[in-house]
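**Q** Take a look at this one; I'll ask things after.
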There are 2 protein chains.
Amino acid sequence: MTDPDVDPPKGARPVGRRAGESGTREDILDAALTLFAERGFDGASMRAIADAAGVDPALIRHFFTDKPSLFAAAMAAHSEIPQRMAEAVSGDPGQLGRRVAEAYLTLWDDAELGPVLQGLVRSAVTSEHGGELVAEALFSQMSKVPEVAAAPPEATRGVALAGAHLMGVALARNVLGLSAFTGMSREELVEAVAPSIQRYLSPLVERRASNDDGPGA
Amino acid sequence: MTDPDVDPPKGARPVGRRAGESGTREDILDAALTLFAERGFDGASMRAIADAAGVDPALIRHFFTDKPSLFAAAMAAHSEIPQRMAEAVSGDPGQLGRRVAEAYLTLWDDAELGPVLQGLVRSAVTSEHGGELVAEALFSQMSKVPEVAAAPPEATRGVALAGAHLMGVALARNVLGLSAFTGMSREELVEAVAPSIQRYLSPLVERRASNDDGPGA
């Protein structure tokens, strides 16, 4: 979604903002993401988001209908997450577990994205409604990768298990700050979990292999 | 509150109560566990716990010194958790991963314990202070098993990774209620994660094997 023709200045990577789109819709998405992260799904009112974006609440409803839809759009607009996970899924099947673990844990360690993800997890855990939504936003970014979306049920289940495992690690390391996890480098952690993630994602790899062999697909 | 000499009605198994101890200290622990689960670590004041137990706050400080110590004592008094995890650790080393996964996920699915654990996780995720404490209470029950406590660093790390994985699954299934997890029976879930838990806990098994072989230990 970012414009590949325009290199953003290093370190000033825009979050949730895409070049070449008019400001208002993007302003709403930026404000929504910030407030959802800070206050949680239930705590961020449509009015507060409208105020932060400097627009009328009616305009938010015009663009996004309701709060769940706005939330989903705000996470999708956070284009780095699905893009990075999609990159991790493609490539050498034998290193799939390592790449996915590395990509996921890197998102959580990112100075800019990390706090947003932490806020979203807090929101998911405490909200009556946000759980499924936030979890979808967090781990189902991977299920939007076409290869994953087209996968058979046992592969989908594997993606969910890989997601839960990585979420548990991110929770321990980046939310709870447990010393057993903060005391490991990201590389050590990736090394430790990669075989499990590889095992859970193996039905994806097997499918890809059979598609490569088979006609069409 | 409950009398150990009277058979509790089915489904009303006493939580945190051990037979043969005098009421007051146990009343405080019961009240503390209930309030920590309901209101989180920060939200449960010593005064509220004292009120719920029908004692003076000074008596709580006499027994438990401060809130973190009370919290730790309340979790320890929840004697089923460490006991069940200890039982899971002993037995056929080849089935260790399966037994630990089964024991852990059974605690979360328990009608009585489940909501307490859910409340504690909410508390850990949202509290500034509770994280390490609650996590310790939740997963380090296993590290109190003598076999685990005496383990070398690589085994301790494996226990942490197994804990994070199982915590991620419990979060997805019992806190967020994600359909990919609620749609699986506990048996299917245990089957799916057991090999990963076994892999993480293998340094424990190897140690046990070498202790069995070696002189003394």
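By order of appearance in the structure tokens: chains A, B, ..., then residues from 1 within every chain, and ligands from 1 in the order shown.
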What are the closest atom pairs, with distances in Å to one decimal, for each residue of chain B lying within 9 Å of chain A, using only C-alpha atoms, rows by chain and rising residue number, as JSON lines?
**A**
```
{"residue": "B:Val121", "atom": "CA", "partner": "A:Val125", "partner_atom": "CA", "distance": 8.2}
{"residue": "B:Arg122", "atom": "CA", "partner": "A:Val125", "partner_atom": "CA", "distance": 6.1}
{"residue": "B:Ala124", "atom": "CA", "partner": "A:Leu176", "partner_atom": "CA", "distance": 7.0}
{"residue": "B:Val125", "atom": "CA", "partner": "A:Arg122", "partner_atom": "CA", "distance": 6.1}
{"residue": "B:Thr126", "atom": "CA", "partner": "A:Arg122", "partner_atom": "CA", "distance": 6.2}
{"residue": "B:Glu128", "atom": "CA", "partner": "A:Leu176", "partner_atom": "CA", "distance": 9.0}
{"residue": "B:Gly130", "atom": "CA", "partner": "A:Leu176", "partner_atom": "CA", "distance": 8.4}
{"residue": "B:Gly131", "atom": "CA", "partner": "A:Leu176", "partner_atom": "CA", "distance": 4.8}
{"residue": "B:Glu132", "atom": "CA", "partner": "A:Leu178", "partner_atom": "CA", "distance": 5.9}
{"residue": "B:Ala135", "atom": "CA", "partner": "A:Leu176", "partner_atom": "CA", "distance": 7.7}
{"residue": "B:Glu136", "atom": "CA", "partner": "A:Leu178", "partner_atom": "CA", "distance": 8.8}
{"residue": "B:Thr156", "atom": "CA", "partner": "A:Ala180", "partner_atom": "CA", "distance": 8.4}
{"residue": "B:Arg157", "atom": "CA", "partner": "A:Ala180", "partner_atom": "CA", "distance": 6.6}
{"residue": "B:Gly158", "atom": "CA", "partner": "A:Ala192", "partner_atom": "CA", "distance": 8.7}
{"residue": "B:Ala160", "atom": "CA", "partner": "A:Ala180", "partner_atom": "CA", "distance": 6.6}
{"residue": "B:Leu161", "atom": "CA", "partner": "A:Val169", "partner_atom": "CA", "distance": 7.4}
{"residue": "B:Gly163", "atom": "CA", "partner": "A:Gly168", "partner_atom": "CA", "distance": 8.3}
{"residue": "B:Ala164", "atom": "CA", "partner": "A:Gly168", "partner_atom": "CA", "distance": 4.7}
{"residue": "B:His165", "atom": "CA", "partner": "A:His165", "partner_atom": "CA", "distance": 4.5}
{"residue": "B:Leu166", "atom": "CA", "partner": "A:His165", "partner_atom": "CA", "distance": 7.4}
{"residue": "B:Met167", "atom": "CA", "partner": "A:Gly168", "partner_atom": "CA", "distance": 5.7}
{"residue": "B:Gly168", "atom": "CA", "partner": "A:Gly168", "partner_atom": "CA", "distance": 3.8}
{"residue": "B:Val169", "atom": "CA", "partner": "A:Ala164", "partner_atom": "CA", "distance": 5.3}
{"residue": "B:Ala170", "atom": "CA", "partner": "A:Ala164", "partner_atom": "CA", "distance": 8.6}
{"residue": "B:Leu171", "atom": "CA", "partner": "A:Ala164", "partner_atom": "CA", "distance": 7.8}
{"residue": "B:Ala172", "atom": "CA", "partner": "A:Ala164", "partner_atom": "CA", "distance": 6.4}
{"residue": "B:Val175", "atom": "CA", "partner": "A:Val125", "partner_atom": "CA", "distance": 6.6}
{"residue": "B:Leu176", "atom": "CA", "partner": "A:Gly131", "partner_atom": "CA", "distance": 4.8}
{"residue": "B:Gly177", "atom": "CA", "partner": "A:Glu132", "partner_atom": "CA", "distance": 7.1}
{"residue": "B:Leu178", "atom": "CA", "partner": "A:Glu132", "partner_atom": "CA", "distance": 5.8}
{"residue": "B:Ser179", "atom": "CA", "partner": "A:Glu132", "partner_atom": "CA", "distance": 8.3}
{"residue": "B:Ala180", "atom": "CA", "partner": "A:Arg157", "partner_atom": "CA", "distance": 6.6}
{"residue": "B:Phe181", "atom": "CA", "partner": "A:Ala160", "partner_atom": "CA", "distance": 7.9}
{"residue": "B:Ala192", "atom": "CA", "partner": "A:Leu161", "partner_atom": "CA", "distance": 8.3}
{"residue": "B:Val193", "atom": "CA", "partner": "A:Leu161", "partner_atom": "CA", "distance": 8.0}
{"residue": "B:Pro195", "atom": "CA", "partner": "A:Ser196", "partner_atom": "CA", "distance": 8.3}
{"residue": "B:Ser196", "atom": "CA", "partner": "A:Ser196", "partner_atom": "CA", "distance": 5.6}
{"residue": "B:Ile197", "atom": "CA", "partner": "A:Ser196", "partner_atom": "CA", "distance": 9.0}
{"residue": "B:Arg199", "atom": "CA", "partner": "A:Ser196", "partner_atom": "CA", "distance": 8.5}
{"residue": "B:Tyr200", "atom": "CA", "partner": "A:Ala192", "partner_atom": "CA", "distance": 8.5}
```
**Q** Would you list the contacts of B:Glu87 as a list in words, taking every protein, DNA or RNA residue within 9 Å and counting only C-alpha atoms, but skipping same-chain residues closer than 3 positions in sequence?
**A** Pro82, Gln83, Arg84, Ser90, Gly91, Arg99, Val100 and Ala103 of chain B
**Q** Apply DSSP to the structure's backbone, then extract all residues of stretch 52-197 of chain A labelled alpha helix (DSSP H) and return them as a PyMOL selection string.
**A** chain A and resi 52-53+57-64+67-77+80-89+96-109+113-126+130-139+146-149+153-170+179-182+186-197
**Q** Output C-alpha atoms for every residue in that selection, as a short mmCIF file (atom, residue, chain, number, x, y, z; two decimals), in the first residue's frame.
**A**
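File again-v2.cif, as written:
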```
data_model
loop_
_atom_site.label_atom_id
_atom_site.label_comp_id
_atom_site.auth_asym_id
_atom_site.auth_seq_id
_atom_site.Cartn_x
_atom_site.Cartn_y
_atom_site.Cartn_z
CA ALA A 52 -8.64 13.42 17.19
CA ALA A 53 -8.97 13.29 13.41
CA PRO A 57 -18.44 11.63 13.61
CA ALA A 58 -20.96 11.38 10.76
CA LEU A 59 -18.06 11.31 8.31
CA ILE A 60 -16.55 8.29 10.10
CA ARG A 61 -19.87 6.46 9.74
CA HIS A 62 -20.01 7.48 6.10
CA PHE A 63 -16.62 5.90 5.42
CA PHE A 64 -16.63 2.96 7.85
CA LYS A 67 -16.76 0.79 15.13
CA PRO A 68 -15.87 -2.85 14.37
CA SER A 69 -15.51 -1.99 10.67
CA LEU A 70 -13.40 1.04 11.51
CA PHE A 71 -11.21 -1.12 13.73
CA ALA A 72 -10.70 -3.72 11.01
CA ALA A 73 -9.91 -1.00 8.47
CA ALA A 74 -7.44 0.68 10.83
CA MET A 75 -5.56 -2.58 11.34
CA ALA A 76 -5.61 -3.37 7.61
CA ALA A 77 -4.30 0.13 6.87
CA GLU A 80 3.37 -3.13 7.30
CA ILE A 81 1.90 -5.98 9.33
CA PRO A 82 0.18 -7.97 6.55
CA GLN A 83 2.97 -7.09 4.15
CA ARG A 84 5.72 -8.33 6.43
CA MET A 85 3.82 -11.51 7.28
CA ALA A 86 3.16 -12.15 3.57
CA GLU A 87 6.87 -11.77 2.86
CA ALA A 88 7.63 -14.23 5.65
CA VAL A 89 5.25 -16.83 4.24
CA LEU A 96 9.10 -21.05 6.93
CA GLY A 97 8.89 -21.43 10.72
CA ARG A 98 12.00 -19.36 11.27
CA ARG A 99 10.90 -16.56 8.92
CA VAL A 100 7.39 -16.33 10.39
CA ALA A 101 8.69 -16.31 13.97
CA GLU A 102 11.30 -13.69 13.07
CA ALA A 103 8.78 -11.45 11.27
CA TYR A 104 6.23 -11.70 14.05
CA LEU A 105 8.61 -11.05 16.93
CA THR A 106 10.25 -8.20 15.00
CA LEU A 107 6.87 -6.45 14.76
CA TRP A 108 6.55 -6.66 18.55
CA ASP A 109 10.06 -5.37 19.16
CA LEU A 113 4.52 -0.80 16.24
CA GLY A 114 5.30 -2.55 19.52
CA PRO A 115 3.34 -0.18 21.76
CA VAL A 116 0.38 -0.31 19.35
CA LEU A 117 0.35 -4.12 19.48
CA GLN A 118 0.68 -4.08 23.27
CA GLY A 119 -2.24 -1.69 23.51
CA LEU A 120 -4.29 -3.90 21.23
CA VAL A 121 -3.59 -7.00 23.28
CA ARG A 122 -4.59 -5.19 26.46
CA SER A 123 -7.75 -4.18 24.65
CA ALA A 124 -8.45 -7.71 23.43
CA VAL A 125 -7.96 -9.24 26.85
CA THR A 126 -10.14 -6.76 28.72
CA GLY A 130 -12.76 -6.78 21.06
CA GLY A 131 -11.23 -10.22 21.54
CA GLU A 132 -12.08 -11.90 18.28
CA LEU A 133 -11.59 -8.67 16.32
CA VAL A 134 -8.21 -7.80 17.74
CA ALA A 135 -6.97 -11.34 17.53
CA GLU A 136 -8.05 -11.43 13.92
CA ALA A 137 -6.23 -8.19 13.33
CA LEU A 138 -3.13 -9.52 15.04
CA PHE A 139 -2.80 -13.02 13.81
CA PRO A 146 -3.59 -15.69 -0.50
CA GLU A 147 -1.62 -18.88 0.00
CA VAL A 148 -2.92 -19.17 3.56
CA ALA A 149 -6.47 -18.10 2.71
CA PRO A 153 -8.72 -26.73 7.24
CA GLU A 154 -5.76 -28.56 8.79
CA ALA A 155 -3.45 -25.80 7.52
CA THR A 156 -5.76 -23.11 8.94
CA ARG A 157 -5.65 -24.87 12.28
CA GLY A 158 -1.85 -24.93 12.08
CA VAL A 159 -1.78 -21.20 11.38
CA ALA A 160 -3.95 -20.61 14.46
CA LEU A 161 -1.64 -22.76 16.62
CA ALA A 162 1.46 -20.98 15.32
CA GLY A 163 -0.27 -17.66 16.02
CA ALA A 164 -1.19 -18.67 19.57
CA HIS A 165 2.34 -19.84 20.27
CA LEU A 166 3.90 -16.62 18.98
CA MET A 167 1.28 -14.56 20.80
CA GLY A 168 2.19 -16.33 24.03
CA VAL A 169 5.85 -15.51 23.49
CA ALA A 170 5.09 -11.86 22.67
CA SER A 179 12.96 -12.09 32.56
CA ALA A 180 13.21 -15.55 30.94
CA PHE A 181 12.16 -13.85 27.68
CA THR A 182 13.65 -10.36 27.93
CA ARG A 186 15.32 -12.10 19.48
CA GLU A 187 17.62 -14.38 17.49
CA GLU A 188 17.86 -16.91 20.33
CA LEU A 189 14.10 -16.84 20.75
CA VAL A 190 13.48 -17.31 17.03
CA GLU A 191 15.96 -20.20 17.05
CA ALA A 192 14.13 -21.81 19.98
CA VAL A 193 10.58 -21.56 18.61
CA ALA A 194 11.24 -22.00 14.86
CA PRO A 195 10.92 -25.83 14.86
CA SER A 196 7.50 -25.66 16.53
CA ILE A 197 6.25 -22.96 14.16
#
```
**Q** Show me, as a PyMOL selection string, the residues that have an atom within 6 Å of stretch 32-35 of chain B when counting only C-alpha atoms, minus same-chain residues fewer than 4 positions from it.
**A** chain B and resi 28+39+44+49+74
**Q** For the atom pair atom CA of B:Ala31 and atom CA of B:Met46, what is the interatomic distance in Å to one decimal place?
**A** 10.3 Å
